[in-house]
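Chemist: Provided herewith is a single structure, encoded as structure tokens, for subsequent inquiry.
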Amino acid sequence: MSQENIETVRRDVAARSTRDWAVLAEIWHPDIELELVAGAGTFRGFDEIKRFFEGMSNLYSEYRVEADEVIDAGDRVVTVERVAGRGLKGSDAAIWVQEKLSRLISFKEGKVWRIKEYRSRDQVLDAAGLRK
């Protein structure tokens with residue numbers, strides 16, 4: 001199952017980068033939950049999470065999500081991602097604004113179910129039980 005989960009996460013990252021909501025609706029569990037870094041907020045359900053991502057990505061003329069690492073954590077998957085935007089709407093800014101975050105992703109019925117974000121790779125690896 002872990003290889004299937006890894007492939008699902010790769011599809012998730014690609015779909016978030018291109019804002020392909022049809023793919024995300026297919027691979028996200030109906031009870032999906034996203035907990036942002038350090039308790040900054042929790043979003044539940046496809047529509048609420050979609051609105052959050054659209055609000056963030058629509059700020060920029062170019063937006064992307066890239067996974068630097070996708071790590072098998074048994075029945076879960078860890079990612080280290082870069083989220084970046086360029087050209088803040090209404091400006092001609094050419095500089096990429098970038099944030100790096102790490103995520104621990106759990107699955108239910110073969111779909112992305114729970115996502116918890118962490119500030120660092122070390123923190124997410126600790127949470128996943130992958131560091132000694």
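By convention in this document, the chains of the structure tokens carry letters A, B, ... by their order, each chain's residues are numbered from 1, and ligands are numbered from 1 in the order they are shown.
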Compile the contact shell of Glu117 (chain A) as a PyMOL selection string: residues with an atom at most 7 Å away, counting only C-alpha atoms, same-chain residues fewer than 4 positions apart removed.
Modeler: chain A and resi 35-37+101-104
Chemist: Give me a file of those residues, with N, CA, C and O atoms, as an mmCIF file, in the first residue's frame.
Modeler:
data_model
loop_
_atom_site.group_PDB
_atom_site.id
_atom_site.type_symbol
_atom_site.label_atom_id
_atom_site.label_comp_id
_atom_site.auth_asym_id
_atom_site.auth_seq_id
_atom_site.Cartn_x
_atom_site.Cartn_y
_atom_site.Cartn_z
ATOM 1 N N GLU A 35 -4.338 20.492 8.729
ATOM 2 C CA GLU A 35 -3.914 21.283 9.886
ATOM 3 C C GLU A 35 -2.647 22.030 9.503
ATOM 4 O O GLU A 35 -1.622 21.429 9.209
ATOM 5 N N LEU A 36 -2.746 23.363 9.503
ATOM 6 C CA LEU A 36 -1.623 24.187 9.086
ATOM 7 C C LEU A 36 -0.532 24.240 10.148
ATOM 8 O O LEU A 36 -0.745 23.885 11.304
ATOM 9 N N VAL A 37 0.616 24.732 9.743
ATOM 10 C CA VAL A 37 1.800 24.834 10.591
ATOM 11 C C VAL A 37 1.480 25.525 11.916
ATOM 12 O O VAL A 37 0.827 26.574 11.939
ATOM 13 N N LEU A 101 7.811 23.828 3.718
ATOM 14 C CA LEU A 101 7.106 23.195 4.824
ATOM 15 C C LEU A 101 7.141 21.691 4.654
ATOM 16 O O LEU A 101 7.422 21.172 3.583
ATOM 17 N N SER A 102 6.862 21.020 5.742
ATOM 18 C CA SER A 102 6.867 19.559 5.742
ATOM 19 C C SER A 102 5.491 19.084 6.172
ATOM 20 O O SER A 102 4.829 19.725 6.983
ATOM 21 N N ARG A 103 5.072 17.950 5.618
ATOM 22 C CA ARG A 103 3.723 17.456 5.874
ATOM 23 C C ARG A 103 3.753 15.968 6.213
ATOM 24 O O ARG A 103 4.521 15.212 5.636
ATOM 25 N N LEU A 104 2.884 15.598 7.135
ATOM 26 C CA LEU A 104 2.646 14.200 7.460
ATOM 27 C C LEU A 104 1.246 13.886 6.970
ATOM 28 O O LEU A 104 0.278 14.515 7.397
#
Chemist: Which residue, A:Arg76, A:Arg114, A:Arg82, A:Lys89, has the smallest gap to Ser61 (chain A) when you use only C-alpha atoms?
Modeler: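 When distances to Ser61 (chain A) are compared using only C-alpha atoms, the smallest one comes from A:Lys89.
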Chemist: Which residue gives the smallest distance to Ser57 (chain A) among A:Ala128, A:Ala84, A:Ala73, A:Leu34, with only C-alpha atoms counted?
Modeler: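 Using only C-alpha atoms, Ser57 (chain A) sits closest to A:Ala84.
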Chemist: Taking into account only C-alpha atoms, which residue in the set A:Thr8, A:Ser17, A:Thr79, A:Gln123 is nearest to Phe107 (chain A)?
Modeler: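 Nearest to Phe107 (chain A): A:Thr8.
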Chemist: Skipping near chain neighbours, those fewer than 3 positions away, what residues fall within 12 Å of Val70 (chain A) using only C-alpha atoms, listed as a list in words?
Modeler: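 Selected residues are Ser2, Gln3, Asn5, Ile6, Glu7, Thr8, Val9, Arg10, Arg11, Asp12, Val13, Glu66, Ala67, Ala73, Arg76, Val77, Val78, Thr79, Val80, Glu81, Ser102, Arg103, Leu104, Ile105, Arg121, Val124 and Leu125 of chain A.
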Chemist: Would you mind listing what lies within 12 Å of Leu24 (chain A) as a list in words, with only C-alpha atoms counted and same-chain residues fewer than 5 positions away left out?
Modeler: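 Using only C-alpha atoms, the neighbours found are Thr8, Val9, Arg10, Arg11, Asp12, Val13, Ala14, Ala15, Arg16, Ser17, Thr18, Arg19, His29, Pro30, Ile32, Gly45, Phe46, Asp47, Ile49, Lys50, Phe53, Lys111, Val112 and Trp113 of chain A.
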Chemist: Using C-alpha atoms, can you export the residues from the last selection as a tab-separated table (two decimals), in the first residue's frame?
Modeler:
chain	number	residue	atom	x	y	z
A	8	THR	CA	-1.24	9.43	-4.58
A	9	VAL	CA	0.87	12.07	-2.82
A	10	ARG	CA	2.80	12.80	-6.02
A	11	ARG	CA	-0.55	13.30	-7.81
A	12	ASP	CA	-1.68	15.57	-4.95
A	13	VAL	CA	1.41	17.78	-5.22
A	14	ALA	CA	1.10	18.04	-9.01
A	15	ALA	CA	-2.63	18.81	-8.81
A	16	ARG	CA	-2.16	21.50	-6.15
A	17	SER	CA	0.55	23.10	-8.28
A	18	THR	CA	-1.75	23.31	-11.32
A	19	ARG	CA	-4.92	23.81	-9.26
A	29	HIS	CA	-11.17	11.54	1.14
A	30	PRO	CA	-14.55	13.25	1.73
A	32	ILE	CA	-10.17	15.30	4.54
A	45	GLY	CA	-13.67	19.02	3.71
A	46	PHE	CA	-12.94	19.51	0.04
A	47	ASP	CA	-14.72	22.85	-0.36
A	49	ILE	CA	-9.60	23.34	1.73
A	50	LYS	CA	-10.11	24.29	-1.91
A	53	PHE	CA	-5.68	26.94	-1.54
A	111	LYS	CA	-7.34	8.52	-0.26
A	112	VAL	CA	-5.59	11.48	1.38
A	113	TRP	CA	-7.40	11.91	4.69
Chemist: For a quick check of understanding, using only C-alpha atoms, which of A:Asp126, A:Glu33, A:Ser91, A:Glu109 has the smallest distance to Glu48 (chain A)?
Modeler: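 Distance minimum relative to Glu48 (chain A) lands on A:Glu33.
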Chemist: Out of chain A, which residues get helix (DSSP H, G or I) from DSSP, as a ChimeraX atom specification?
Modeler: /A:2-18,21-27,37-39,46-57,121-127
Chemist: Could those selected residues go to a file with C-alpha atoms, as an mmCIF file, in the first residue's frame?
Modeler:
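Final output, saved to selection.cif:
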data_model
loop_
_atom_site.group_PDB
_atom_site.id
_atom_site.type_symbol
_atom_site.label_atom_id
_atom_site.label_comp_id
_atom_site.auth_asym_id
_atom_site.auth_seq_id
_atom_site.Cartn_x
_atom_site.Cartn_y
_atom_site.Cartn_z
ATOM 1 C CA SER A 2 2.848 2.439 0.701
ATOM 2 C CA GLN A 3 3.856 2.688 -2.980
ATOM 3 C CA GLU A 4 0.242 3.485 -3.863
ATOM 4 C CA ASN A 5 0.196 6.144 -1.135
ATOM 5 C CA ILE A 6 3.409 7.672 -2.470
ATOM 6 C CA GLU A 7 1.936 7.845 -5.971
ATOM 7 C CA THR A 8 -1.236 9.427 -4.581
ATOM 8 C CA VAL A 9 0.872 12.071 -2.822
ATOM 9 C CA ARG A 10 2.799 12.798 -6.017
ATOM 10 C CA ARG A 11 -0.549 13.302 -7.806
ATOM 11 C CA ASP A 12 -1.681 15.568 -4.950
ATOM 12 C CA VAL A 13 1.411 17.775 -5.218
ATOM 13 C CA ALA A 14 1.096 18.041 -9.010
ATOM 14 C CA ALA A 15 -2.632 18.813 -8.808
ATOM 15 C CA ARG A 16 -2.161 21.500 -6.149
ATOM 16 C CA SER A 17 0.545 23.099 -8.279
ATOM 17 C CA THR A 18 -1.751 23.307 -11.318
ATOM 18 C CA TRP A 21 -9.474 20.438 -8.477
ATOM 19 C CA ALA A 22 -10.922 17.459 -10.384
ATOM 20 C CA VAL A 23 -7.876 15.327 -9.551
ATOM 21 C CA LEU A 24 -7.903 16.490 -5.940
ATOM 22 C CA ALA A 25 -11.610 15.642 -5.608
ATOM 23 C CA GLU A 26 -10.733 12.162 -6.817
ATOM 24 C CA ILE A 27 -7.806 11.511 -4.450
ATOM 25 C CA VAL A 37 1.800 24.834 10.591
ATOM 26 C CA ALA A 38 1.926 25.521 14.330
ATOM 27 C CA GLY A 39 -1.825 25.628 14.857
ATOM 28 C CA PHE A 46 -12.941 19.511 0.038
ATOM 29 C CA ASP A 47 -14.715 22.849 -0.359
ATOM 30 C CA GLU A 48 -13.105 24.514 2.658
ATOM 31 C CA ILE A 49 -9.604 23.336 1.730
ATOM 32 C CA LYS A 50 -10.114 24.287 -1.913
ATOM 33 C CA ARG A 51 -11.128 27.832 -0.891
ATOM 34 C CA PHE A 52 -8.003 28.085 1.276
ATOM 35 C CA PHE A 53 -5.677 26.935 -1.542
ATOM 36 C CA GLU A 54 -7.428 29.116 -4.138
ATOM 37 C CA GLY A 55 -7.165 32.161 -1.900
ATOM 38 C CA MET A 56 -3.457 31.577 -1.463
ATOM 39 C CA SER A 57 -2.614 30.681 -5.065
ATOM 40 C CA ARG A 121 11.895 18.252 8.152
ATOM 41 C CA ASP A 122 13.190 17.207 11.595
ATOM 42 C CA GLN A 123 9.829 17.938 13.237
ATOM 43 C CA VAL A 124 7.844 15.916 10.691
ATOM 44 C CA LEU A 125 10.298 13.016 10.855
ATOM 45 C CA ASP A 126 9.942 13.011 14.668
ATOM 46 C CA ALA A 127 6.151 13.031 14.350
#
